[in-house]
$ cat upload38.cif   # mmCIF, C-alpha atoms
data_coords
#
loop_
_atom_site.label_atom_id
_atom_site.label_comp_id
_atom_site.auth_asym_id
_atom_site.auth_seq_id
_atom_site.Cartn_x
_atom_site.Cartn_y
_atom_site.Cartn_z
CA MET P 1 48.61 2.86 171.87
CA VAL P 2 51.01 1.29 174.35
CA GLN P 3 49.95 -1.58 176.53
CA PHE P 4 52.03 -3.13 179.27
CA GLU P 5 51.57 -5.17 182.37
CA TYR P 6 52.28 -3.63 185.75
CA SER P 7 52.11 -5.80 188.85
CA GLY P 8 51.56 -2.99 191.38
CA LEU P 9 47.97 -4.07 192.01
CA GLY P 10 46.00 -1.41 193.85
CA GLU P 11 48.75 1.18 193.58
CA ALA P 12 49.13 4.31 191.50
CA LEU P 13 51.58 4.07 188.63
CA PRO P 14 55.14 4.91 189.75
CA GLU P 15 56.42 8.35 188.71
CA PRO P 16 59.11 6.96 186.35
CA ILE P 17 56.41 5.19 184.32
CA CYS P 18 54.24 8.33 184.27
CA ALA P 19 57.21 10.47 183.20
CA ALA P 20 58.14 8.06 180.38
CA LEU P 21 54.55 8.03 179.10
CA ALA P 22 54.38 11.83 179.25
CA ARG P 23 57.61 12.11 177.22
CA ALA P 24 56.31 9.68 174.60
CA SER P 25 52.81 11.11 174.20
CA GLU P 26 50.86 14.34 174.47
CA GLN P 27 48.05 12.50 176.23
CA TRP P 28 47.88 9.14 177.94
CA HIS P 29 45.58 7.21 180.24
CA ALA P 30 45.91 4.04 182.27
CA TRP P 31 43.45 1.54 183.73
CA GLN P 32 43.65 -1.50 185.95
CA VAL P 33 41.93 -4.36 184.14
CA THR P 34 41.02 -7.99 184.53
CA ALA P 35 41.99 -9.64 181.27
CA SER P 36 40.28 -12.68 179.79
CA LEU P 37 42.00 -14.37 176.86
CA ILE P 38 39.10 -15.58 174.71
CA ILE P 39 41.09 -16.58 171.60
CA ALA P 40 44.81 -17.14 172.00
CA ASN P 41 46.88 -16.26 168.95
CA THR P 42 48.00 -19.70 167.83
CA ARG P 43 47.84 -18.90 164.09
CA HIS P 44 50.39 -16.07 164.09
CA PRO P 45 52.21 -16.13 167.44
CA ALA P 46 54.07 -12.93 168.23
CA GLN P 47 57.84 -13.19 167.95
CA ALA P 48 59.99 -11.28 170.42
CA GLY P 49 60.86 -7.85 169.05
CA GLU P 50 58.61 -8.20 166.01
CA ARG P 51 55.20 -7.01 164.86
CA THR P 52 52.38 -9.55 164.92
CA VAL P 53 51.07 -10.51 161.49
CA GLY P 54 47.95 -8.58 160.46
CA TRP P 55 46.59 -5.73 162.55
CA ALA P 56 45.15 -5.21 165.99
CA GLN P 57 41.94 -3.42 166.84
CA MET P 58 41.42 -1.79 170.23
CA ALA P 59 37.81 -1.02 171.14
CA PHE P 60 37.04 1.12 174.19
CA LEU P 61 33.55 0.49 175.55
CA THR P 62 31.34 2.64 177.77
CA LEU P 63 28.38 1.69 179.95
CA PRO P 64 25.05 2.74 178.39
CA GLU P 65 22.76 4.58 180.81
CA ARG P 66 20.00 2.07 180.05
CA LEU P 67 21.95 -0.85 181.60
CA THR P 68 23.37 -1.69 185.00
CA HIS P 69 27.00 -2.80 185.05
CA THR P 70 25.89 -6.37 185.83
CA GLU P 71 23.41 -6.41 182.93
CA TRP P 72 26.03 -4.95 180.61
CA CYS P 73 28.66 -7.56 181.59
CA GLY P 74 26.14 -10.35 181.05
CA LEU P 75 25.25 -9.13 177.57
CA TRP P 76 28.89 -8.63 176.60
CA GLN P 77 30.52 -11.69 178.09
CA ASN P 78 27.69 -14.24 178.07
CA ARG P 79 25.89 -13.39 174.82
CA HIS P 80 28.13 -11.30 172.58
CA THR P 81 31.39 -13.23 172.93
CA ALA P 82 30.16 -16.17 170.83
CA VAL P 83 28.83 -13.78 168.18
CA ALA P 84 32.20 -12.03 167.91
CA ILE P 85 33.98 -15.35 167.52
CA GLU P 86 31.52 -16.80 165.00
CA THR P 87 31.12 -13.74 162.74
CA GLN P 88 34.64 -12.31 162.45
CA ALA P 89 38.04 -13.45 161.18
CA ASN P 90 39.81 -12.56 164.42
CA PHE P 91 42.71 -14.78 165.43
CA GLU P 92 43.22 -13.19 168.85
CA TYR P 93 40.53 -11.86 171.19
CA VAL P 94 41.08 -10.44 174.67
CA GLN P 95 38.40 -8.90 176.88
CA ASN P 96 39.73 -6.42 179.45
CA LEU P 97 37.19 -5.51 182.10
CA ILE P 98 38.22 -2.19 183.63
CA GLU P 99 38.44 -2.27 187.41
CA ARG P 100 39.47 1.37 187.91
CA PRO P 101 41.38 4.21 186.27
CA LEU P 102 45.04 4.63 187.19
CA SER P 103 45.52 8.07 185.67
CA PRO P 104 43.71 11.36 186.34
CA GLY P 105 41.11 12.29 183.75
CA ALA P 106 40.89 8.81 182.22
CA PRO P 107 37.76 8.43 180.07
CA PRO P 108 34.97 6.45 181.79
CA TYR P 109 35.40 3.25 179.81
CA VAL P 110 34.19 -0.03 181.32
CA ALA P 111 36.14 -2.36 179.03
CA ILE P 112 38.84 -2.56 176.39
CA VAL P 113 38.67 -5.22 173.67
CA GLU P 114 41.77 -6.35 171.81
CA GLU P 115 41.36 -8.28 168.58
CA CYS P 116 43.83 -9.28 165.88
CA PHE P 117 42.76 -9.75 162.27
CA PRO P 118 44.39 -10.64 158.95
CA GLU P 119 45.86 -7.58 157.23
CA ALA P 120 43.24 -7.69 154.44
CA ALA P 121 40.46 -7.25 157.04
CA LEU P 122 41.60 -3.65 157.50
CA THR P 123 40.20 -2.70 154.09
CA ASP P 124 37.95 -5.59 153.06
CA PRO P 125 34.78 -6.07 155.14
CA PHE P 126 34.26 -9.51 153.60
CA VAL P 127 37.58 -10.59 155.16
CA PHE P 128 36.75 -8.85 158.46
CA PHE P 129 33.42 -10.66 158.72
CA ASP P 130 34.90 -14.02 157.64
CA ALA P 131 32.82 -14.18 154.45
CA VAL P 132 35.24 -13.94 151.52
CA GLY P 133 33.34 -14.65 148.30
CA ASP P 134 30.02 -15.16 150.10
CA PRO P 135 27.71 -12.09 150.08
CA GLU P 136 24.95 -13.94 151.94
CA LYS P 137 27.28 -14.98 154.75
CA PHE P 138 28.68 -11.44 154.88
CA LYS P 139 25.20 -9.95 155.33
CA ALA P 140 24.25 -12.57 157.92
CA ASN P 141 27.47 -12.02 159.91
CA LEU P 142 27.23 -8.23 159.72
CA ASP P 143 23.56 -8.23 160.73
CA ARG P 144 24.19 -10.65 163.60
CA MET P 145 27.15 -8.59 164.85
CA MET P 146 25.26 -5.28 164.72
CA GLU P 147 22.22 -6.78 166.46
CA SER P 148 24.45 -8.15 169.21
CA CYS P 149 26.41 -4.91 169.63
CA ASP P 150 23.20 -2.89 169.84
CA ARG P 151 22.26 -4.86 172.96
CA PHE P 152 25.19 -3.51 175.01
CA ILE P 153 26.72 -0.61 173.04
CA ASP P 154 25.01 2.68 172.22
CA ARG P 155 26.11 3.64 168.71
CA GLY P 156 28.46 6.60 168.68
CA THR P 157 29.86 5.83 172.14
CA ILE P 158 32.55 3.30 171.21
CA ASP P 159 36.11 4.34 170.38
CA VAL P 160 37.88 1.94 168.00
CA ILE P 161 41.55 2.29 167.07
CA PRO P 162 43.37 0.18 164.46
CA THR P 163 46.90 -0.55 165.68
CA GLY P 164 49.81 -2.90 165.26
CA GLN P 165 50.79 -5.39 167.95
CA TYR P 166 54.40 -5.88 168.97
CA ASN P 167 55.99 -8.26 171.44
CA PHE P 168 58.94 -6.62 173.21
#

$ encode --input "upload38.cif" --output "C-alpha coordinates"
Amino acid sequence: MVQFEYSGLGEALPEPICAALARASEQWHAWQVTASLIIANTRHPAQAGERTVGWAQMAFLTLPERLTHTEWCGLWQNRHTAVAIETQANFEYVQNLIERPLSPGAPPYVAIVEECFPEAALTDPFVFFDAVGDPEKFKANLDRMMESCDRFIDRGTIDVIPTGQYNF
(Lines of atoms letter the chains of each structure in order from A and count residues from 1; the text may use other names and numbers.)
(Lines give C-alpha, C1' and ligand atoms only; values in the text may rest on other atoms or scores of the structure.)
Protein backbone atom coordinates (compact mmCIF):
# COMPACT_ATOMS: atom_id res chain seq x y z
CA MET A 1 0.00 0.00 0.00
CA VAL A 2 1.51 3.29 -1.11
CA GLN A 3 -0.24 6.55 -0.46
CA PHE A 4 0.89 9.92 -1.71
CA GLU A 5 -0.52 13.32 -2.39
CA TYR A 6 -0.78 14.56 -5.95
CA SER A 7 -1.93 18.12 -6.59
CA GLY A 8 -3.11 17.60 -10.20
CA LEU A 9 -6.75 17.99 -9.20
CA GLY A 10 -9.09 16.81 -11.95
CA GLU A 11 -6.30 15.38 -14.06
CA ALA A 12 -5.22 11.84 -14.84
CA LEU A 13 -2.04 10.70 -13.13
CA PRO A 14 1.06 11.62 -15.18
CA GLU A 15 2.70 8.74 -17.06
CA PRO A 16 5.92 8.81 -14.96
CA ILE A 17 3.88 8.16 -11.81
CA CYS A 18 1.92 5.37 -13.51
CA ALA A 19 5.14 3.80 -14.81
CA ALA A 20 6.78 3.92 -11.35
CA LEU A 21 3.72 2.30 -9.75
CA ALA A 22 3.64 -0.41 -12.44
CA ARG A 23 7.34 -1.20 -11.83
CA ALA A 24 6.78 -1.44 -8.07
CA SER A 25 3.60 -3.52 -8.10
CA GLU A 26 1.77 -6.13 -10.14
CA GLN A 27 -1.49 -4.28 -9.57
CA TRP A 28 -2.27 -0.77 -8.43
CA HIS A 29 -5.21 1.61 -8.27
CA ALA A 30 -5.60 5.31 -7.57
CA TRP A 31 -8.46 7.52 -6.41
CA GLN A 32 -9.01 11.21 -5.91
CA VAL A 33 -10.22 11.72 -2.34
CA THR A 34 -11.33 14.40 0.05
CA ALA A 35 -9.50 13.69 3.29
CA SER A 36 -10.81 14.55 6.75
CA LEU A 37 -8.35 14.26 9.62
CA ILE A 38 -10.53 13.08 12.52
CA ILE A 39 -7.76 12.23 15.00
CA ALA A 40 -4.33 13.74 14.40
CA ASN A 41 -1.43 11.57 15.53
CA THR A 42 -0.15 13.59 18.46
CA ARG A 43 0.82 10.54 20.57
CA HIS A 44 3.35 9.06 18.14
CA PRO A 45 4.10 11.70 15.48
CA ALA A 46 5.76 10.31 12.37
CA GLN A 47 9.44 11.16 12.02
CA ALA A 48 10.83 11.88 8.57
CA GLY A 49 12.17 8.69 7.01
CA GLU A 50 10.91 6.45 9.81
CA ARG A 51 8.02 4.08 10.45
CA THR A 52 5.23 5.33 12.68
CA VAL A 53 4.95 3.49 16.00
CA GLY A 54 2.33 0.72 15.99
CA TRP A 55 0.51 -0.30 12.83
CA ALA A 56 -1.85 1.25 10.33
CA GLN A 57 -5.11 -0.22 9.12
CA MET A 58 -6.54 0.69 5.73
CA ALA A 59 -10.23 -0.09 5.25
CA PHE A 60 -11.79 0.16 1.79
CA LEU A 61 -15.55 0.73 1.94
CA THR A 62 -18.24 0.11 -0.68
CA LEU A 63 -21.74 1.55 -0.99
CA PRO A 64 -24.43 -0.97 0.02
CA GLU A 65 -27.26 -1.25 -2.50
CA ARG A 66 -29.76 -0.54 0.29
CA LEU A 67 -28.45 3.02 0.84
CA THR A 68 -28.12 6.16 -1.24
CA HIS A 69 -24.71 7.82 -1.20
CA THR A 70 -26.11 10.67 0.92
CA GLU A 71 -27.64 8.24 3.45
CA TRP A 72 -24.40 6.27 3.57
CA CYS A 73 -22.26 9.39 4.18
CA GLY A 74 -24.60 10.50 6.96
CA LEU A 75 -24.39 7.15 8.72
CA TRP A 76 -20.61 6.97 8.37
CA GLN A 77 -19.60 10.52 9.11
CA ASN A 78 -22.38 11.73 11.42
CA ARG A 79 -23.12 8.59 13.46
CA HIS A 80 -20.25 6.12 13.16
CA THR A 81 -17.30 8.48 13.62
CA ALA A 82 -17.96 8.97 17.35
CA VAL A 83 -18.38 5.21 17.81
CA ALA A 84 -15.01 4.53 16.15
CA ILE A 85 -13.31 7.08 18.37
CA GLU A 86 -14.96 5.93 21.61
CA THR A 87 -14.59 2.15 21.16
CA GLN A 88 -11.09 1.72 19.71
CA ALA A 89 -7.51 2.49 20.73
CA ASN A 90 -6.74 4.35 17.51
CA PHE A 91 -4.33 7.27 17.77
CA GLU A 92 -4.80 8.46 14.18
CA TYR A 93 -8.01 8.41 12.16
CA VAL A 94 -8.46 9.76 8.63
CA GLN A 95 -11.62 9.50 6.54
CA ASN A 96 -11.02 9.66 2.78
CA LEU A 97 -14.20 10.15 0.79
CA ILE A 98 -13.55 8.98 -2.77
CA GLU A 99 -14.45 11.55 -5.40
CA ARG A 100 -13.49 9.46 -8.45
CA PRO A 101 -11.09 6.76 -9.63
CA LEU A 102 -7.85 7.89 -11.26
CA SER A 103 -6.84 4.51 -12.66
CA PRO A 104 -8.64 2.15 -15.04
CA GLY A 105 -10.35 -0.79 -13.37
CA ALA A 106 -10.22 0.68 -9.86
CA PRO A 107 -12.59 -1.15 -7.50
CA PRO A 108 -15.82 0.78 -6.81
CA TYR A 109 -14.94 1.92 -3.30
CA VAL A 110 -16.64 5.00 -1.87
CA ALA A 111 -14.19 5.64 0.97
CA ILE A 112 -10.84 4.67 2.44
CA VAL A 113 -10.30 4.79 6.20
CA GLU A 114 -6.83 5.10 7.69
CA GLU A 115 -6.33 4.31 11.36
CA CYS A 116 -3.21 3.83 13.47
CA PHE A 117 -3.19 1.58 16.52
CA PRO A 118 -0.69 0.43 19.15
CA GLU A 119 1.32 -2.58 17.97
CA ALA A 120 -0.37 -4.90 20.49
CA ALA A 121 -3.77 -4.15 18.90
CA LEU A 122 -2.70 -6.21 15.89
CA THR A 123 -3.00 -9.43 17.89
CA ASP A 124 -4.95 -8.51 21.02
CA PRO A 125 -8.60 -7.53 20.50
CA PHE A 126 -8.76 -6.15 24.05
CA VAL A 127 -6.08 -3.61 23.07
CA PHE A 128 -7.78 -2.90 19.72
CA PHE A 129 -11.11 -2.18 21.42
CA ASP A 130 -9.48 -0.11 24.20
CA ALA A 131 -10.55 -2.54 26.94
CA VAL A 132 -7.37 -4.07 28.36
CA GLY A 133 -8.26 -6.08 31.48
CA ASP A 134 -11.98 -5.29 31.20
CA PRO A 135 -14.07 -8.05 29.54
CA GLU A 136 -17.32 -6.12 30.04
CA LYS A 137 -15.95 -3.01 28.34
CA PHE A 138 -14.54 -5.18 25.54
CA LYS A 139 -17.94 -6.75 24.88
CA ALA A 140 -19.70 -3.38 25.04
CA ASN A 141 -17.19 -1.76 22.66
CA LEU A 142 -17.23 -4.68 20.23
CA ASP A 143 -21.04 -4.84 20.22
CA ARG A 144 -21.36 -1.08 19.76
CA MET A 145 -18.83 -1.10 16.90
CA MET A 146 -20.49 -4.01 15.08
CA GLU A 147 -23.95 -2.48 15.47
CA SER A 148 -22.67 0.81 14.06
CA CYS A 149 -20.81 -0.82 11.16
CA ASP A 150 -23.87 -2.88 10.24
CA ARG A 151 -25.76 0.37 9.59
CA PHE A 152 -23.51 1.39 6.67
CA ILE A 153 -21.38 -1.65 5.75
CA ASP A 154 -22.66 -4.95 4.39
CA ARG A 155 -20.55 -7.69 5.98
CA GLY A 156 -18.20 -9.33 3.52
CA THR A 157 -17.90 -6.20 1.36
CA ILE A 158 -15.14 -4.37 3.23
CA ASP A 159 -11.46 -4.86 2.42
CA VAL A 160 -9.14 -4.27 5.40
CA ILE A 161 -5.36 -4.30 5.11
CA PRO A 162 -2.93 -4.06 8.04
CA THR A 163 0.07 -1.95 7.01
CA GLY A 164 2.89 0.15 8.36
CA GLN A 165 2.95 3.92 8.01
CA TYR A 166 6.09 5.75 6.95
CA ASN A 167 6.80 9.45 6.54
CA PHE A 168 9.15 10.07 3.62

$ closest_residue --input "upload38.cif" --among "P:His29, P:Ile158, P:Leu21, P:Asn78" --to "Ser103 of chain P" --atoms "all atoms listed in the file"
P:His29

$ residues_around --input "upload38.cif" --residues "Ala111 of chain P" --least-positions-apart "5" --cutoff "10 Å" --atoms "all atoms listed in the file" --output "PDB file with C-alpha atoms, keeping the file's coordinate frame"
ATOM      1  CA  TRP P  31      43.450   1.540 183.730  1.00  0.00           C
ATOM      2  CA  VAL P  33      41.930  -4.360 184.140  1.00  0.00           C
ATOM      3  CA  THR P  34      41.020  -7.990 184.530  1.00  0.00           C
ATOM      4  CA  ALA P  35      41.990  -9.640 181.270  1.00  0.00           C
ATOM      5  CA  ALA P  59      37.810  -1.020 171.140  1.00  0.00           C
ATOM      6  CA  PHE P  60      37.040   1.120 174.190  1.00  0.00           C
ATOM      7  CA  LEU P  61      33.550   0.490 175.550  1.00  0.00           C
ATOM      8  CA  THR P  62      31.340   2.640 177.770  1.00  0.00           C
ATOM      9  CA  LEU P  63      28.380   1.690 179.950  1.00  0.00           C
ATOM     10  CA  CYS P  73      28.660  -7.560 181.590  1.00  0.00           C
ATOM     11  CA  TRP P  76      28.890  -8.630 176.600  1.00  0.00           C
ATOM     12  CA  GLN P  95      38.400  -8.900 176.880  1.00  0.00           C
ATOM     13  CA  ASN P  96      39.730  -6.420 179.450  1.00  0.00           C
ATOM     14  CA  LEU P  97      37.190  -5.510 182.100  1.00  0.00           C
ATOM     15  CA  ILE P  98      38.220  -2.190 183.630  1.00  0.00           C
ATOM     16  CA  GLU P  99      38.440  -2.270 187.410  1.00  0.00           C
TER      17      GLU P  99
END

$ resolve_selection --input "upload38.cif" --expression "the PyMOL selection byres ((chain P and resi 165) around 8)" --output "list of chain:residue names"
P:Arg51, P:Thr52, P:Trp55, P:Ala56, P:Thr163, P:Gly164, P:Tyr166, P:Asn167

$ closest_residue --input "upload38.cif" --among "P:Cys116, P:Ala89, P:Cys18, P:Leu37" --to "Phe138 of chain P" --atoms "only C-alpha atoms"
P:Ala89

$ closest_residue --input "upload38.cif" --among "P:Phe168, P:Phe152, P:Tyr109, P:Phe91" --to "Asp130 of chain P" --atoms "all atoms listed in the file"
P:Phe91
